[in-house]
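Right, one structure below, let's go through it.
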Amino acid sequence: MSRRTIYPKILLSCLKRFIHSLVIRSGQIRNRFQRYMLLAGLALLFGIGTHLIPSPLTQPTVEAMTPANVVAIKASLQTAQQQYQTAQYDAAARSIQATMPRLIDSQRAQALNLLSLTYQKLGRWQAAQSALDRSIQLIQQTAPLALQAQLLNTQGQLSLATGKAEVALERWQAATSLYQQSGDRAGAIGSQINQAQALQELGFYRRAADQLTALETQILELEDSAIKVVALYNLGNMQRQANQLVQSIADLQQSRVIAERLNLPKNIAAIDISLGNTYQVQAARFSLLNQPKDVEQSFQKAFDAYQQAATITADPLLQAQAKISQFQVLLETTPQNIQTDFLVGIDTALTQLPVSRSSIYAEVNFANGLLQLQPAQNAEQLAESLLKRADRQAVALKDPRAKAYALGIRGKLREQQNDFATAQIYTRQALQTAQTIDATDLAYQWQWQMGRIIQAQSNQINTAHPEALSYYQAAIENLRNLRSDIVALNPEVQFAFREQVEPIYRQYVDLLLRDEIPSVQNLQVARSTIEALQLAELDNFFQDACAQSKAINVDNVDPKAAVVYPIVLPDRLEIVAKIPGQADLQHFRQRNIAASQIETQVERLRQRLARRSSSIGSVKQVSQQLYDWLVAPMQSTLTDETQTLVFVMDGALRNIPPSILYDGQQYLIERYAVAMTPGLQLLSPQPLSNTNFSALLAGASNAPSFRKEGLGSIANVQQELDEVSKRLTTSQQLADQQFLRRNIQQQINDRAINIVHIATHGKFSSNPEETYILDWQERIQVKDLDTLLRNNIGTDTTPIELLILSACETAKGDKRAALGLAGVAIRAGARSTLASLFQVNDASTAQLMLQFYQNLSQGKITKAEALRQAQISFLKSTEQDPLSEYNRPYFWAPFILIGNWL
């Protein structure tokens, strides 16, 4: 039906074109008029709550209007809309007020809605609430559902900006329902995106991410519009928080392309800031991978993105955020070159912002960054001024969360200045404020800070203050309660695992073990804390609370196994061990060994092991130093009852195979079976139920996926699979073209399989995006292993006893690469995982695997012992032996058993 049929009168046609032009300007193009009723402000700006899109004016009632009125109203309201979009908020407010007397009630309601949004941008909260209340009074319950939803969105925005996130969430949930009832799909999507923002403000980061993930398909199906711009923007932020950096950049860039097409400069600036944030995270990732050129390039991309954002927008908050972000890049790259004028310029920009939660967070984030500068740069005085102002503003705004944040950083500043008495006052106030609003994600940080301050005040170097211990314990308990949410990055406080979580565990263990002879209770708590750290690291790796813990008593599992916990602290190496025959945990200390020394020695050993040409003598020399640190102190306590050593390795130590440790006469593997585990709480050890194994054998010699990744062929895969098959009761092969993800999944679903043996290229990394194995066509990411290999859980089929990954390796230069291997072991759900820390000659690998299966099939032997005997057969080979060359550590040492050693 044509427009002329719907609107036969010239006046109505004119009005329709007017409304249509307004909608086009905001990028909200829809075929039906209800589609114009889009929500008021959807997006996060820089993750701290600034909305991008004003509520558009909806179609006014026209019966009482004259053509002259139409023209005048059109001009005035169009001007107000343009002024709002270009951040001329004072002018927009004046334009709306000038138009107000000529409007009838329904028109006035719409204008008041826009006026409320404008006052919010100006920080005039009372005026914003008043305008919104007047708008609601003019709208009866009989008003169109989409219009009611629009007003609820504005109410939600006002509530969020004034620190009432729970109220905002309720408003947006109600708006979603109304949009759905009215058939406005885009409006419903937008209000659900707003709900995700409220959930983030409340600290429920995982729920917020789930909300956005559930909307992803619907978002991608939307026509290009401002709604889609904001939706993709939020998806990009979510992907960054989940460490899916490639996808984050793709989502944000797609959002930016659409925003440019629709001429939305404010959105473009917000997107540029988010792109810069992702590039910064990418730089940190490249730093872990020891790729300095990539680090430099990523930081430069981030700086350029922030510069572009500051240039493209007139919005003062966006400009301030872009400059603060540039400051953060300079802190990471050239802090010594930061000039005072640059810092003062940011402060000046912040003073010009209207007071809101967003402006307070910007001030506190800036102040927190200033604390990292050298005293010579005179940044502490500026930080103190910023924090005082932020504290006052939070009180005026009646925003307890912002107040808790500002007070906490004030305490941090005084802690840095060694003014511990004042630091304790501010930190206690911050903690109390956070606890009154149940802000656990802030509370744990101030509990940690209180612990540090009290311990520093006590001047006790060789013992822990009891009150400090209690605060650390409370912080860790809060982290445990936050597991499902804290693993996502908190954009508000720039949450980072290695800066704001891992040190809490290590410092707590440091305090627990400071006594010359730690108590039995302290040893037990230290051991459980290190296990909890292993769990938290895996949670952070996957950005998901995927690993389930369960307390295990090793004596009840294997009375012949010693479990060893080496704990790397800044100035020493502590070792806690459960030794067979000993009722209590044993404690050993290696003084004056810095964490950096351990990292250096581990890297030296890795380099020697990974080179086939390395002399056996050079390997023994380096590994003996590590033996002296890790095993020698407890060697005298290991009796004949001890047959297996199980290591819960910490930090860089996870990157070495314990079997290679050398005592001056023999390798550790010559005396004990050896295994590694992320923790007894994570992988419950159980003995093999039988030796009638049913196996799935899969692999490829020269897959297209290898060439795609720049990897060479693996010549002996087929021979390996065939020979292994001969040693098993039942087996099924998926070789070359049949080696596909879907075929693996089908086999596991269709039959009882207890061994999965995969011979293919793969890589273990501290980056989950770079932790994968290759099937014939593509990568199988570590995050997909749970659905691939765990489908038999909950059925009567036999669980996977053993996952063998032949020809995979840990990423070179990645200090935390073995975290990816532990992640594979956890995600796959297998009781045991056998893999190599670096790629080894495929012919020797095939032979070692055959020896392993031969040993395992004999029965009454643990998996760790079966691997030990296979390695010993290589180690003891002589010149007359056909495997003579295989006695070099390069061929046998890199294989490790993770998880269940029984």
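Chain labels follow the order of the structure tokens: the first chain is A, the next B, and so on; residue numbering restarts at 1 in every chain, and ligands are counted from 1 in their shown order.
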Leu275 of chain A: which residues within 7 Å, counting only C-alpha atoms, same-chain residues fewer than 6 positions away excluded, as a PyMOL selection string? chain A and resi 249+252+305
Now that the selection is made, can you save its residues with N, CA and C atoms as a PDB file, in the first residue's frame?
ATOM      1  N   ILE A 249      38.245  -7.392  17.452  1.00  0.00           N
ATOM      2  CA  ILE A 249      38.631  -6.399  16.444  1.00  0.00           C
ATOM      3  C   ILE A 249      37.687  -6.453  15.248  1.00  0.00           C
ATOM      4  N   LEU A 252      34.273  -4.863  16.184  1.00  0.00           N
ATOM      5  CA  LEU A 252      34.379  -3.412  16.323  1.00  0.00           C
ATOM      6  C   LEU A 252      34.595  -2.737  14.968  1.00  0.00           C
ATOM      7  N   ALA A 305      44.355   4.870  17.595  1.00  0.00           N
ATOM      8  CA  ALA A 305      42.894   4.774  17.715  1.00  0.00           C
ATOM      9  C   ALA A 305      42.369   5.791  18.719  1.00  0.00           C
TER      10      ALA A 305
END
Dump as JSON lines the rows for residues of segment 538-628 of chain A within 7 Å of segment 656-678 of chain A: closest atom pair and distance in Å with one decimal, only C-alpha atoms counted, ordered by chain and rising residue number.
{"residue": "A:Val602", "atom": "CA", "partner": "A:Ile656", "partner_atom": "CA", "distance": 6.7}
{"residue": "A:Arg606", "atom": "CA", "partner": "A:Ile656", "partner_atom": "CA", "distance": 6.7}
{"residue": "A:Lys620", "atom": "CA", "partner": "A:Tyr662", "partner_atom": "CA", "distance": 6.0}
{"residue": "A:Ser623", "atom": "CA", "partner": "A:Leu661", "partner_atom": "CA", "distance": 5.0}
{"residue": "A:Gln624", "atom": "CA", "partner": "A:Tyr662", "partner_atom": "CA", "distance": 4.7}
{"residue": "A:Leu626", "atom": "CA", "partner": "A:Leu661", "partner_atom": "CA", "distance": 6.6}
{"residue": "A:Tyr627", "atom": "CA", "partner": "A:Leu661", "partner_atom": "CA", "distance": 5.1}
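Ranking A:Gly712, A:Gln218, A:Ser806, A:Tyr772 by their shortest atom-to-atom distance to His757 of chain A, with only C-alpha atoms included, puts A:Ser806 first.
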Shell of 6 Å around segment 77-83 of chain A, only C-alpha atoms, local chain residues under 4 positions omitted, as number ranges by chain: A: 73, 88, 92, 95
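Among A:Leu538, A:Ala807, A:Val509, A:Arg611, the residue with the shortest atom-to-atom distance to Pro566 of chain A, counting only C-alpha atoms, is A:Val509.
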Where does DSSP see strand (DSSP E or B) in segment 591-840 of chain A, if you list the residues as number ranges by chain? A: 591, 644-647, 662, 667, 673-676, 694-699, 730-735, 755-764, 772-774, 779-781, 802-810, 832-836
Option closest in space to Gln719 of chain A, from A:Leu387, A:Val756, A:Leu850, A:Ala309 [counting only C-alpha atoms]: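 Once distances to Gln719 of chain A are computed over only C-alpha atoms, the minimum belongs to A:Leu850.
Proximity to Leu653 of chain A was assessed for A:Leu199, A:Ala175, A:Ala698, A:Leu605 counting only C-alpha atoms; the smallest distance is recorded for A:Leu605.
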Helix (DSSP H, G or I) call set, DSSP backbone run, segment 522-612 of chain A, as JSON, numbers by chain: {"A": [522, 523, 524, 525, 526, 527, 528, 529, 530, 531, 532, 533, 534, 535, 536, 537, 538, 539, 540, 541, 542, 554, 555, 556, 557, 595, 596, 597, 598, 599, 600, 601, 602, 603, 604, 605, 606, 607, 608, 609, 610]}
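Each of A:Arg888, A:Arg604, A:Lys403, A:Lys323 was checked against Gln871 of chain A using only C-alpha atoms; the smallest atom-to-atom distance is that of A:Arg888.
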Tell me, in Å to one decimal, how far atom CA of Val520 of chain A is from atom CA of Ala577 of chain A.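 Straight-line distance from atom CA of Val520 of chain A to atom CA of Ala577 of chain A works out to 11.8 Å.
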For Gln308 of chain A, work out the shell of residues within 10 Å, counting only C-alpha atoms and skipping chain neighbours fewer than 2 positions away, then give it as a list in words.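 Skipping anything fewer than 2 positions along the chain leaves Ile268, Ala269, Asp272, Ile273, Gly276, Ala302, Phe303, Asp304, Ala305, Tyr306, Ala310, Thr311, Ile312, Thr313, Gln319 and Ala322 of chain A.
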Only N, CA and C atoms, please: the residues just picked out, written as an mmCIF file, in the first residue's frame.
data_model
loop_
_atom_site.group_PDB
_atom_site.id
_atom_site.type_symbol
_atom_site.label_atom_id
_atom_site.label_comp_id
_atom_site.auth_asym_id
_atom_site.auth_seq_id
_atom_site.Cartn_x
_atom_site.Cartn_y
_atom_site.Cartn_z
ATOM 1 N N ILE A 268 31.438 6.482 16.321
ATOM 2 C CA ILE A 268 32.755 6.152 15.774
ATOM 3 C C ILE A 268 33.833 6.379 16.827
ATOM 4 N N ALA A 269 33.727 7.493 17.546
ATOM 5 C CA ALA A 269 34.724 7.777 18.580
ATOM 6 C C ALA A 269 34.714 6.713 19.672
ATOM 7 N N ASP A 272 36.353 3.632 18.342
ATOM 8 C CA ASP A 272 37.813 3.787 18.274
ATOM 9 C C ASP A 272 38.451 3.571 19.645
ATOM 10 N N ILE A 273 37.795 4.061 20.695
ATOM 11 C CA ILE A 273 38.315 3.848 22.042
ATOM 12 C C ILE A 273 38.328 2.359 22.379
ATOM 13 N N GLY A 276 41.082 0.660 20.554
ATOM 14 C CA GLY A 276 42.339 0.913 21.259
ATOM 15 C C GLY A 276 42.499 0.018 22.463
ATOM 16 N N ALA A 302 46.901 1.154 19.224
ATOM 17 C CA ALA A 302 46.033 1.629 20.301
ATOM 18 C C ALA A 302 46.131 3.146 20.426
ATOM 19 N N PHE A 303 47.346 3.668 20.427
ATOM 20 C CA PHE A 303 47.544 5.115 20.576
ATOM 21 C C PHE A 303 46.874 5.866 19.427
ATOM 22 N N ASP A 304 47.031 5.359 18.210
ATOM 23 C CA ASP A 304 46.432 6.008 17.041
ATOM 24 C C ASP A 304 44.905 5.984 17.120
ATOM 25 N N ALA A 305 44.355 4.870 17.595
ATOM 26 C CA ALA A 305 42.894 4.774 17.715
ATOM 27 C C ALA A 305 42.369 5.791 18.719
ATOM 28 N N TYR A 306 43.073 5.951 19.841
ATOM 29 C CA TYR A 306 42.648 6.933 20.830
ATOM 30 C C TYR A 306 42.768 8.355 20.282
ATOM 31 N N ALA A 310 39.713 11.126 19.901
ATOM 32 C CA ALA A 310 39.738 12.473 20.475
ATOM 33 C C ALA A 310 39.502 13.537 19.422
ATOM 34 N N THR A 311 39.925 13.246 18.192
ATOM 35 C CA THR A 311 39.813 14.219 17.104
ATOM 36 C C THR A 311 38.417 14.267 16.514
ATOM 37 N N ILE A 312 37.758 13.121 16.450
ATOM 38 C CA ILE A 312 36.516 13.007 15.668
ATOM 39 C C ILE A 312 35.280 13.480 16.423
ATOM 40 N N THR A 313 35.354 13.548 17.778
ATOM 41 C CA THR A 313 34.153 13.853 18.544
ATOM 42 C C THR A 313 34.276 15.177 19.292
ATOM 43 N N GLN A 319 36.258 12.683 24.715
ATOM 44 C CA GLN A 319 37.591 13.265 24.529
ATOM 45 C C GLN A 319 38.477 13.002 25.740
ATOM 46 N N ALA A 322 39.501 9.356 25.805
ATOM 47 C CA ALA A 322 40.510 9.062 24.785
ATOM 48 C C ALA A 322 41.891 9.520 25.250
#
Report as a list in words all protein, DNA and RNA residues lying within 8 Å of Ser255 of chain A, evaluated on only C-alpha atoms, omitting residues in the same chain fewer than 5 positions from it. Lys228, Val229, Val230, Leu232, Tyr233 and Ile271 of chain A
Mind pulling up the distance from atom CA of Gly187 of chain A to atom CA of Gly236 of chain A?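 A separation of 19.9 Å between them.
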Applying 9 Å and only C-alpha atoms, which residues near Ala188 of chain A remain after dropping the ones on its own chain fewer than 5 positions away? List them as an MDAnalysis selection string. chainID A and resid 38:39 175:180 183 193
Include N, CA and C atoms and write out the residues we just selected as a PDB file, in the first residue's frame.
ATOM      1  N   LEU A  38      12.817   3.360  18.796  1.00  0.00           N
ATOM      2  CA  LEU A  38      13.999   2.656  19.295  1.00  0.00           C
ATOM      3  C   LEU A  38      14.402   3.213  20.653  1.00  0.00           C
ATOM      4  N   LEU A  39      15.180   2.422  21.350  1.00  0.00           N
ATOM      5  CA  LEU A  39      15.482   2.757  22.723  1.00  0.00           C
ATOM      6  C   LEU A  39      16.360   3.987  22.869  1.00  0.00           C
ATOM      7  N   ALA A 175      11.072  -2.704  29.732  1.00  0.00           N
ATOM      8  CA  ALA A 175      11.076  -2.161  28.373  1.00  0.00           C
ATOM      9  C   ALA A 175      11.169  -3.286  27.352  1.00  0.00           C
ATOM     10  N   THR A 176      12.000  -4.268  27.630  1.00  0.00           N
ATOM     11  CA  THR A 176      12.131  -5.408  26.713  1.00  0.00           C
ATOM     12  C   THR A 176      10.785  -6.095  26.507  1.00  0.00           C
ATOM     13  N   SER A 177      10.086  -6.312  27.598  1.00  0.00           N
ATOM     14  CA  SER A 177       8.785  -6.970  27.511  1.00  0.00           C
ATOM     15  C   SER A 177       7.819  -6.172  26.642  1.00  0.00           C
ATOM     16  N   LEU A 178       7.793  -4.849  26.817  1.00  0.00           N
ATOM     17  CA  LEU A 178       6.889  -4.009  26.032  1.00  0.00           C
ATOM     18  C   LEU A 178       7.278  -3.991  24.552  1.00  0.00           C
ATOM     19  N   TYR A 179       8.570  -3.915  24.290  1.00  0.00           N
ATOM     20  CA  TYR A 179       9.017  -3.950  22.898  1.00  0.00           C
ATOM     21  C   TYR A 179       8.606  -5.262  22.232  1.00  0.00           C
ATOM     22  N   GLN A 180       8.764  -6.350  22.956  1.00  0.00           N
ATOM     23  CA  GLN A 180       8.402  -7.656  22.393  1.00  0.00           C
ATOM     24  C   GLN A 180       6.903  -7.744  22.134  1.00  0.00           C
ATOM     25  N   GLY A 183       6.001  -5.975  19.002  1.00  0.00           N
ATOM     26  CA  GLY A 183       6.591  -6.506  17.785  1.00  0.00           C
ATOM     27  C   GLY A 183       7.811  -5.754  17.318  1.00  0.00           C
ATOM     28  N   ILE A 193      20.502  -5.277  25.411  1.00  0.00           N
ATOM     29  CA  ILE A 193      21.902  -4.838  25.473  1.00  0.00           C
ATOM     30  C   ILE A 193      22.089  -3.925  26.680  1.00  0.00           C
TER      31      ILE A 193
END
Write out as a ChimeraX atom specification which residues come within 9 Å of Leu513 of chain A when counting only C-alpha atoms, dropping same-chain ones fewer than 2 positions away. /A:463-464,508-511,515-519,522-523,526,574
Those same residues - C-alpha atoms - I'd like them written as a compact mmCIF listing (two decimals), in the first residue's frame.
# COMPACT_ATOMS: atom_id res chain seq x y z
CA THR A 463 56.25 -13.43 60.64
CA ALA A 464 52.71 -12.61 59.52
CA TYR A 508 48.94 -14.87 51.19
CA VAL A 509 51.12 -17.97 50.82
CA ASP A 510 54.18 -15.79 51.44
CA LEU A 511 52.70 -14.68 54.78
CA ASP A 515 57.75 -18.41 60.08
CA GLU A 516 61.01 -20.31 60.30
CA ILE A 517 58.96 -23.44 60.99
CA PRO A 518 55.43 -22.87 59.67
CA SER A 519 52.62 -24.53 61.60
CA ASN A 522 49.60 -22.89 57.79
CA LEU A 523 51.13 -25.55 55.55
CA ALA A 526 49.25 -22.75 51.84
CA GLU A 574 59.14 -22.76 49.11
From the options A:Gln244, A:Gln643, A:Thr99, A:Gln839, which residue's atoms come nearest to Pro559 of chain A, counting only C-alpha atoms?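 The answer is A:Gln643, which sits nearest to Pro559 of chain A.
Atom CA of Ile598 of chain A sits 10.6 Å away from atom CA of Leu630 of chain A.
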